[in-house]
Amino acid sequence: MTEEVGGSALFASRFRECAARALLLPRRNPGSRAPLWQQRQRSAQLLDVARKYPSFPILLETARECLQDVYDLPALTALTKRLASRDIQIAEVTTERASPFAQTLLFGYVAAFLYEGDTPLAERRASALTLDPTLLAELLGRAELRELLDPEVLDHLELELQRLTADRRAKDIEGVADLLRMLGPLSTDEVAARLQPDAAPEAGRWLAELCDNRRVVEVAIAGDVRWAVVEDSGRLRDALGVVVPLGIPAAFLEVTTDPLTDLISRYTRTHGPFTAAEAAARFGLGSAVALQVLRRLARDGRLTEGEFRPQATGTEWVEPGVLRRLRSRSLAAARQQVEPVDPLTFARFLPSWQGVGGNLRGADGVLSAIDQLAGLALPASAWESLVLPARVRDYSPTMLDELTAAGEVVWSGAGSLPGNDGWVQLHSADFVLRAAGVQQVEPDSLQATIVEALQGGGAFLFRQLADAIGSDDHGALAGALWDLVWSGRVSNDTFAPVRTLVGRGGAHRTTRPAPRARIHGRRARSPRVALQGPPTVSGRWFALAESVTDSTSLQLARTESLVGRYGVVTRGSVMAEQTPGGFAGVYRVLRELEQTGSVLRGYYIETLGAAQFAAPSTVDRMRGHVNDDDRPTDAPAMTLAATDPANPYGAALPWPDRYTDDSVRHRPARKAGSLVVLHDGRPVLYLERGGKKVLVFDAEPARLAAAAASLAMTVRARRISRLTIETADGQPVATSVLGEPLLEAGFERTIKGLRLDARG
């Protein structure tokens with residue numbers, strides 16, 4: 001306790017009080033009180049000096065107060081003796097809230113650590129109300145700066161520190177004296193290199209003149225003849241054993257407390273990252289001696305150890321102020337290298353980034369797609385009809401059921417929609433982000449009974465659940481179960497119930513029912529259906545547990561998911577997902593990720609504001625989608641759900657201007673059941689829910705033909721069972737600019753319009 005208390009915040013606060021009582025903290029105006037922050041600063045300066053004298057009376061009095069009045073060590077000693085003699089027994093008790101004694105300690109802890117730094121009150125409050133920075137730093141981990149620091153910035157900063165840049169070179173004899181005072185002992189050639197070109201020939205004459213005036217002295221250090229200011233004579237003699245000339249005033253030869261530390265500290269302030277061997281060679285010291293001084297400076301917070309210089313190996317040392325300048329300049333240089341692309345380039349890049357039309361296959365491909373879309377709420381009818389098939393070439397519903405049954409994927413509801421549809425989120429089993437955007441509603445009595453039964457652990461078939469809660473009304477039980485699903489409290493080990501529910505009442509039937517087994521040429525009734533209940537409640541039901549309760553970890557996971565999903569995170573993308581806390585809540589985490597080098601802030605996409613974050617490799621990949629003369633113009637179009645994150649319009653990018661005017665009756669929006677057709681990043685068609693009404697964004701014949709072909713392919717692939725288009729831009733579709741491309745794609749004329757049936 002005696003050894004540790006001297007470095008505590010309690011000791012600093014008690015020292016201030018003792019110094020104030022001893023009148024060691026003078027006030028400018030004796031008639032008024034000094035502000036508390038000013039008292040803390042003065043006491044901190046006094047404490048730094050007093051630490052060098054252990055017998056200083058105020059230090060002894062402060063230690064006595066801390067060890068006897070505050071900690072009461074005599075009573076602690078007596079207590080430990082009674083514990084050792086088994087006179088007192090220790091009992092461990094876990095309580096829901098802190099005891100009155102512990103609450104007092106907690107309050108005192110906050111008050112005591114007020115003296116750890118002089119942060120203004122407003123900043124402390126803001127920090128307390130935001131994310132936990134310590135936990136965030138632990139979650140982000142430590143980044144090696146070798147890969148983050150710019151080599152050119154490092155070279156230029158070292159030239160500045162050594163006064164070798166054109167704007168920092170000395171011009172006259174006074175500048176030469178300043179060079180020796182700021183940089184330490186230098187040879188004649190080193191001084192000449194730091195002078196302006198026209199003044200370099202005068203280096204020898206100016207040094208001799210300064211020596212005649214007794215302002216500098218000539219000394220031998222590490223076998224080299226150098227010049228040093230006369231004020232350094234005592235330090236050089238005591239630290240390096242240098243023989244100083246005669247006639248130096250006694251004031252400059254006084255013994256200092258730690259002369260070698262003073263010399264090496266100045267070396268650290270005027271150099272970039274260096275090794276212990278380099279510092280030792282500069283002063284002619286042994287490596288062990290230099291390393292000991294460097295470690296002492298690091299313990300005092302005056303030096304940082306790590307790996308900094310690019311393309312180097314081993315541990316290096318750098319002064320914290322130099323490191324801050326180096327990091328800030330490297331960050332600024334990285335930002336200057338970023339050139340914004342036009343929004344159309346981002347619209348081409350986003351589907352490619354999310355693997356739309358890519359080469360993902362099988363259950364592993366489905367899992368990869370879900371990892372990128374984790375925590376995103378999309379309509380249940382769109383997941384297996386448009387979203388996953390657009391990313392996995394050979395997608396089939398059995399792949400998703402295989403992942404959910406194996407426990408690798410978990411799905412959760414996030415709100416209901418008309419037509420037996422609802423918002424559904426898919427997650428990796430190790431991290432469920434289901435809390436995003438789910439409105440919790442107090443369950444009724446039947447729902448509460450279901451939750452209570454499921455929270456006991458395990459998973460229940462529908463009939464087992466009915467028996468567990470004693471319910472004979474299976475219809476009411478199924479309705480209550482689905483209400484709990486849409487509120488995000490209950491899930492299933494298979495996606496089949498959602499698929500069946502959406503297929504019966506949703507906008508489009510996504511899959512055909514699986515054929516039943518045949519016995520002697522006729523279909524047999526499956527006994528499993530009778531045991532499990534209706535198809536809409538098949539499978540095993542279980543309660544969804546909160547995977548993450550810490551707000552910092554949850555916000556970090558959401559932010560990293562946004563970076564992985566969009567590549568370039570913009571305000572519009574965050575707002576479109578209705579992320580809790582909005583963009584302001586995500587911005588704090590993005591800023592911390594930027595400090596670790598995980599993302600980089602810049603102006604990547606024109607017209608979308610400056611608050612954009614992306615990984616450097618992502619920016620390079622996005623620039624590869626810039627339109628040029630070599631880009632093919634016959635690229636196929638893609639049909640996406642309007643809510644698909646691969647569709648940037650209505651989120652990061654605005655819809656075309658002609659459909660955002662208030663006078664337009666039908667306007668595009670990211671609504672459930674709506675479709676959008678993109679061609680080369682441009683929006684071509686927008687289909688309202690059900691496909692009856694279409695908005696034409698681009699009337700170019702080649703783009704309309706590609707869009708019509710994409711719609712026909714989507715229907716034939718059974719992603720949509722039937723599509724009937726009645727109007728285009730408010731006109732009959734058969735007589736519009738879209739009519740001929742649809743007919744060429746295989747649509748047929750009907751009384752209502754143009755239709756294409758998957759069964760045809």
# chains A, B, ... in the order shown; residues from 1 in each chain; ligands from 1
$ residues_around --residues "stretch 12-28 of chain A" --least-positions-apart "5" --cutoff "8 Å" --atoms "only C-alpha atoms" --output "list in words"
Gly7, Arg33, Ala34, Gln39, Arg40, Arg42, Ser43, Ala44, Leu47, Ile58, Leu59, Glu61, Thr62, Glu65, Cys66, Ala112 and Tyr115 of chain A
$ residues_around --residues "A:Ala478" --least-positions-apart "4" --cutoff "12 Å" --atoms "only C-alpha atoms" --output "PyMOL selection string"
chain A and resi 446-447+450+461-463+465-466+471-474+482-485+497+501+532-538+541
$ select_by_dssp --residues "stretch 301-416 of chain A" --states "helix (DSSP H, G or I)" --output "count of residues only"
60
$ closest_residue --among "A:Thr257, A:Leu179, A:Ile173, A:Asp364" --to "A:Val49" --atoms "only C-alpha atoms"
A:Thr257
$ atom_distance --atom1 "atom CA of A:Ala699" --atom2 "atom CA of A:His679"
12.0 Å
$ residues_around --residues "stretch 423-429 of chain A" --least-positions-apart "4" --cutoff "10 Å" --atoms "only C-alpha atoms" --output "mmCIF file with C-alpha atoms, in the first residue's frame"
data_model
loop_
_atom_site.group_PDB
_atom_site.id
_atom_site.type_symbol
_atom_site.label_atom_id
_atom_site.label_comp_id
_atom_site.auth_asym_id
_atom_site.auth_seq_id
_atom_site.Cartn_x
_atom_site.Cartn_y
_atom_site.Cartn_z
ATOM 1 C CA LEU A 367 -23.934 -18.828 -45.401
ATOM 2 C CA SER A 368 -21.561 -16.293 -46.959
ATOM 3 C CA ILE A 370 -26.186 -14.339 -44.851
ATOM 4 C CA ASP A 371 -22.987 -13.216 -43.132
ATOM 5 C CA GLN A 372 -23.039 -10.068 -45.246
ATOM 6 C CA LEU A 373 -26.766 -9.479 -44.716
ATOM 7 C CA ALA A 374 -26.763 -10.301 -40.986
ATOM 8 C CA GLY A 375 -29.196 -8.218 -38.969
ATOM 9 C CA LEU A 376 -30.909 -6.695 -42.021
ATOM 10 C CA ALA A 377 -34.713 -6.832 -41.918
ATOM 11 C CA LEU A 378 -36.224 -7.778 -45.290
ATOM 12 C CA PRO A 379 -39.710 -9.039 -46.207
ATOM 13 C CA ALA A 380 -40.048 -12.769 -45.690
ATOM 14 C CA SER A 381 -41.468 -13.101 -49.214
ATOM 15 C CA ALA A 382 -38.283 -11.570 -50.690
ATOM 16 C CA TRP A 383 -35.621 -13.641 -48.958
ATOM 17 C CA LEU A 403 -28.189 -24.247 -42.128
ATOM 18 C CA THR A 404 -30.966 -23.463 -39.662
ATOM 19 C CA ALA A 406 -27.548 -27.323 -38.054
ATOM 20 C CA GLY A 407 -27.629 -24.210 -35.870
ATOM 21 C CA GLU A 408 -25.371 -22.163 -38.156
ATOM 22 C CA VAL A 409 -28.113 -19.662 -39.061
ATOM 23 C CA VAL A 410 -30.871 -18.188 -36.909
ATOM 24 C CA TRP A 411 -33.840 -16.216 -38.221
ATOM 25 C CA SER A 412 -35.997 -13.779 -36.272
ATOM 26 C CA GLY A 413 -39.026 -11.651 -36.965
ATOM 27 C CA ALA A 414 -38.924 -7.858 -36.924
ATOM 28 C CA GLY A 415 -42.536 -6.839 -37.534
ATOM 29 C CA SER A 416 -45.540 -8.000 -39.529
ATOM 30 C CA LEU A 417 -46.744 -6.931 -42.978
ATOM 31 C CA LEU A 433 -28.431 -8.648 -34.089
ATOM 32 C CA ARG A 434 -32.157 -9.079 -33.721
ATOM 33 C CA ALA A 436 -32.318 -3.629 -34.358
ATOM 34 C CA VAL A 438 -37.891 -4.502 -33.400
ATOM 35 C CA VAL A 485 -42.368 -14.410 -33.990
ATOM 36 C CA TRP A 486 -43.008 -10.969 -35.482
ATOM 37 C CA SER A 487 -42.069 -9.326 -32.177
ATOM 38 C CA GLY A 488 -38.690 -11.056 -32.259
ATOM 39 C CA VAL A 498 -42.253 -18.825 -42.853
ATOM 40 C CA SER A 547 -26.929 -12.642 -27.700
ATOM 41 C CA ALA A 672 -42.146 -4.659 -49.356
#
$ atom_distance --atom1 "atom CA of A:Arg588" --atom2 "atom CA of A:Tyr649"
25.6 Å
$ select_by_dssp --residues "stretch 151-302 of chain A" --states "strand (DSSP E or B)" --output "MDAnalysis selection string"
chainID A and resid 170 186 195 216:221 224:229 274
$ write_last_selection --atoms "N, CA, C and O atoms" --output "short mmCIF file (atom, residue, chain, number, x, y, z; two decimals), in the first residue's frame"
data_model
loop_
_atom_site.label_atom_id
_atom_site.label_comp_id
_atom_site.auth_asym_id
_atom_site.auth_seq_id
_atom_site.Cartn_x
_atom_site.Cartn_y
_atom_site.Cartn_z
N ALA A 170 18.42 27.31 -41.21
CA ALA A 170 18.90 28.54 -40.58
C ALA A 170 19.46 29.49 -41.64
O ALA A 170 19.93 29.06 -42.70
N LEU A 186 26.22 19.04 -32.88
CA LEU A 186 26.29 18.76 -34.31
C LEU A 186 27.70 19.01 -34.81
O LEU A 186 28.42 19.86 -34.27
N LEU A 195 21.74 24.79 -43.12
CA LEU A 195 21.73 26.20 -43.47
C LEU A 195 21.18 26.39 -44.87
O LEU A 195 21.18 25.45 -45.69
N VAL A 216 29.29 28.63 -27.77
CA VAL A 216 29.35 27.22 -28.10
C VAL A 216 30.73 26.71 -27.75
O VAL A 216 31.70 27.49 -27.63
N VAL A 217 30.83 25.39 -27.59
CA VAL A 217 32.11 24.75 -27.29
C VAL A 217 32.30 23.60 -28.26
O VAL A 217 31.34 23.03 -28.79
N GLU A 218 33.56 23.25 -28.49
CA GLU A 218 33.91 22.14 -29.37
C GLU A 218 34.25 20.94 -28.50
O GLU A 218 35.14 21.02 -27.64
N VAL A 219 33.54 19.82 -28.72
CA VAL A 219 33.72 18.63 -27.89
C VAL A 219 33.83 17.42 -28.80
O VAL A 219 33.46 17.46 -29.98
N ALA A 220 34.30 16.31 -28.22
CA ALA A 220 34.44 15.04 -28.95
C ALA A 220 33.42 14.05 -28.39
O ALA A 220 33.47 13.72 -27.19
N ILE A 221 32.51 13.59 -29.25
CA ILE A 221 31.46 12.65 -28.84
C ILE A 221 31.46 11.49 -29.81
O ILE A 221 31.36 11.68 -31.03
N ASP A 224 33.74 11.68 -32.76
CA ASP A 224 33.46 12.71 -33.76
C ASP A 224 33.52 14.07 -33.09
O ASP A 224 33.06 14.24 -31.94
N VAL A 225 34.06 15.05 -33.78
CA VAL A 225 34.15 16.41 -33.25
C VAL A 225 32.85 17.14 -33.56
O VAL A 225 32.44 17.23 -34.72
N ARG A 226 32.22 17.65 -32.51
CA ARG A 226 30.94 18.33 -32.67
C ARG A 226 30.94 19.64 -31.89
O ARG A 226 31.79 19.87 -31.03
N TRP A 227 29.94 20.43 -32.22
CA TRP A 227 29.74 21.71 -31.55
C TRP A 227 28.48 21.61 -30.70
O TRP A 227 27.47 21.06 -31.12
N ALA A 228 28.56 22.19 -29.49
CA ALA A 228 27.43 22.19 -28.57
C ALA A 228 27.33 23.54 -27.90
O ALA A 228 28.34 24.25 -27.72
N VAL A 229 26.12 23.91 -27.53
CA VAL A 229 25.94 25.18 -26.80
C VAL A 229 26.58 25.04 -25.43
O VAL A 229 26.67 23.94 -24.85
N PHE A 274 13.03 5.46 -33.85
CA PHE A 274 14.43 5.06 -33.84
C PHE A 274 14.59 3.83 -32.97
O PHE A 274 13.72 3.51 -32.15
#
$ closest_residue --among "A:Arg623, A:Arg667, A:Arg269, A:Lys693" --to "A:Phe349" --atoms "only C-alpha atoms"
A:Arg623
$ residues_around --residues "A:Leu323" --least-positions-apart "6" --cutoff "10 Å" --atoms "only C-alpha atoms" --output "VMD selection string"
chain A and resid 149 154 272 to 273 303 to 304 308 317 329
$ write_last_selection --atoms "N, CA, C and O atoms" --output "mmCIF file, in the first residue's frame"
data_model
loop_
_atom_site.group_PDB
_atom_site.id
_atom_site.type_symbol
_atom_site.label_atom_id
_atom_site.label_comp_id
_atom_site.auth_asym_id
_atom_site.auth_seq_id
_atom_site.Cartn_x
_atom_site.Cartn_y
_atom_site.Cartn_z
ATOM 1 N N LEU A 149 1.221 3.932 -41.282
ATOM 2 C CA LEU A 149 1.962 5.173 -41.446
ATOM 3 C C LEU A 149 2.479 5.296 -42.869
ATOM 4 O O LEU A 149 2.954 4.330 -43.470
ATOM 5 N N LEU A 154 6.538 10.138 -43.176
ATOM 6 C CA LEU A 154 7.570 9.915 -42.167
ATOM 7 C C LEU A 154 8.883 10.558 -42.579
ATOM 8 O O LEU A 154 9.548 11.225 -41.760
ATOM 9 N N GLY A 272 12.349 10.832 -35.708
ATOM 10 C CA GLY A 272 11.211 9.958 -35.870
ATOM 11 C C GLY A 272 11.448 8.655 -35.129
ATOM 12 O O GLY A 272 12.286 8.585 -34.216
ATOM 13 N N PRO A 273 10.738 7.598 -35.482
ATOM 14 C CA PRO A 273 10.959 6.313 -34.820
ATOM 15 C C PRO A 273 12.412 5.862 -34.959
ATOM 16 O O PRO A 273 12.983 5.875 -36.049
ATOM 17 N N LEU A 303 7.781 8.438 -23.743
ATOM 18 C CA LEU A 303 8.256 7.696 -24.901
ATOM 19 C C LEU A 303 7.306 6.533 -25.150
ATOM 20 O O LEU A 303 6.706 6.002 -24.215
ATOM 21 N N THR A 304 7.165 6.151 -26.409
ATOM 22 C CA THR A 304 6.276 5.055 -26.795
ATOM 23 C C THR A 304 7.083 3.992 -27.509
ATOM 24 O O THR A 304 7.878 4.297 -28.409
ATOM 25 N N PHE A 308 6.779 0.965 -35.810
ATOM 26 C CA PHE A 308 6.255 2.154 -36.482
ATOM 27 C C PHE A 308 6.763 2.307 -37.910
ATOM 28 O O PHE A 308 5.983 2.576 -38.816
ATOM 29 N N TRP A 317 11.272 3.130 -30.928
ATOM 30 C CA TRP A 317 10.847 4.090 -29.914
ATOM 31 C C TRP A 317 10.516 5.402 -30.596
ATOM 32 O O TRP A 317 11.146 5.781 -31.589
ATOM 33 N N ARG A 329 -0.754 13.295 -39.916
ATOM 34 C CA ARG A 329 -0.329 13.615 -41.281
ATOM 35 C C ARG A 329 -0.511 12.414 -42.209
ATOM 36 O O ARG A 329 -0.843 12.592 -43.386
#
$ residues_around --residues "stretch 207-209 of chain A" --least-positions-apart "4" --cutoff "9 Å" --atoms "only C-alpha atoms" --output "ChimeraX atom specification"
/A:173,176-177,188,191,202-203,213-216,227
$ write_last_selection --atoms "N, CA, C and O atoms" --output "PDB file, in the first residue's frame"
ATOM      1  N   ILE A 173      23.894  33.608 -38.130  1.00  0.00           N
ATOM      2  CA  ILE A 173      24.634  33.072 -37.003  1.00  0.00           C
ATOM      3  C   ILE A 173      23.735  32.766 -35.818  1.00  0.00           C
ATOM      4  O   ILE A 173      23.965  31.794 -35.086  1.00  0.00           O
ATOM      5  N   VAL A 176      22.255  29.419 -36.308  1.00  0.00           N
ATOM      6  CA  VAL A 176      23.170  28.334 -35.978  1.00  0.00           C
ATOM      7  C   VAL A 176      23.129  28.030 -34.488  1.00  0.00           C
ATOM      8  O   VAL A 176      23.105  26.864 -34.071  1.00  0.00           O
ATOM      9  N   ALA A 177      23.094  29.060 -33.659  1.00  0.00           N
ATOM     10  CA  ALA A 177      23.002  28.845 -32.213  1.00  0.00           C
ATOM     11  C   ALA A 177      21.699  28.144 -31.840  1.00  0.00           C
ATOM     12  O   ALA A 177      21.678  27.260 -30.965  1.00  0.00           O
ATOM     13  N   THR A 188      30.397  20.125 -37.968  1.00  0.00           N
ATOM     14  CA  THR A 188      30.386  21.270 -38.882  1.00  0.00           C
ATOM     15  C   THR A 188      29.605  20.937 -40.153  1.00  0.00           C
ATOM     16  O   THR A 188      28.821  21.757 -40.651  1.00  0.00           O
ATOM     17  N   VAL A 191      25.896  21.028 -39.418  1.00  0.00           N
ATOM     18  CA  VAL A 191      25.388  22.396 -39.331  1.00  0.00           C
ATOM     19  C   VAL A 191      25.250  22.989 -40.724  1.00  0.00           C
ATOM     20  O   VAL A 191      24.250  23.645 -41.048  1.00  0.00           O
ATOM     21  N   GLU A 202      29.326  29.616 -44.908  1.00  0.00           N
ATOM     22  CA  GLU A 202      29.683  30.393 -43.722  1.00  0.00           C
ATOM     23  C   GLU A 202      29.600  29.580 -42.437  1.00  0.00           C
ATOM     24  O   GLU A 202      29.793  30.136 -41.348  1.00  0.00           O
ATOM     25  N   ALA A 203      29.292  28.289 -42.528  1.00  0.00           N
ATOM     26  CA  ALA A 203      29.079  27.503 -41.311  1.00  0.00           C
ATOM     27  C   ALA A 203      30.306  27.492 -40.421  1.00  0.00           C
ATOM     28  O   ALA A 203      30.231  27.726 -39.202  1.00  0.00           O
ATOM     29  N   ASN A 213      32.992  33.816 -28.757  1.00  0.00           N
ATOM     30  CA  ASN A 213      32.090  34.536 -27.850  1.00  0.00           C
ATOM     31  C   ASN A 213      31.636  33.680 -26.676  1.00  0.00           C
ATOM     32  O   ASN A 213      30.757  34.099 -25.911  1.00  0.00           O
ATOM     33  N   ARG A 214      32.202  32.470 -26.525  1.00  0.00           N
ATOM     34  CA  ARG A 214      31.877  31.542 -25.443  1.00  0.00           C
ATOM     35  C   ARG A 214      30.393  31.151 -25.428  1.00  0.00           C
ATOM     36  O   ARG A 214      29.820  30.903 -24.383  1.00  0.00           O
ATOM     37  N   ARG A 215      29.774  31.077 -26.598  1.00  0.00           N
ATOM     38  CA  ARG A 215      28.378  30.637 -26.692  1.00  0.00           C
ATOM     39  C   ARG A 215      28.282  29.169 -27.093  1.00  0.00           C
ATOM     40  O   ARG A 215      27.277  28.520 -26.816  1.00  0.00           O
ATOM     41  N   VAL A 216      29.293  28.632 -27.766  1.00  0.00           N
ATOM     42  CA  VAL A 216      29.348  27.216 -28.101  1.00  0.00           C
ATOM     43  C   VAL A 216      30.735  26.707 -27.753  1.00  0.00           C
ATOM     44  O   VAL A 216      31.703  27.485 -27.633  1.00  0.00           O
ATOM     45  N   TRP A 227      29.939  20.426 -32.219  1.00  0.00           N
ATOM     46  CA  TRP A 227      29.738  21.711 -31.555  1.00  0.00           C
ATOM     47  C   TRP A 227      28.476  21.614 -30.703  1.00  0.00           C
ATOM     48  O   TRP A 227      27.474  21.056 -31.118  1.00  0.00           O
TER      49      TRP A 227
END
$ residues_around --residues "stretch 564-570 of chain A" --least-positions-apart "6" --cutoff "10 Å" --atoms "only C-alpha atoms" --output "PyMOL selection string"
chain A and resi 346+349-351+353-354+369+371-374+376+558+583+586-587+590+599-602+604-605+608-619+621-622+645-646+648+651-653
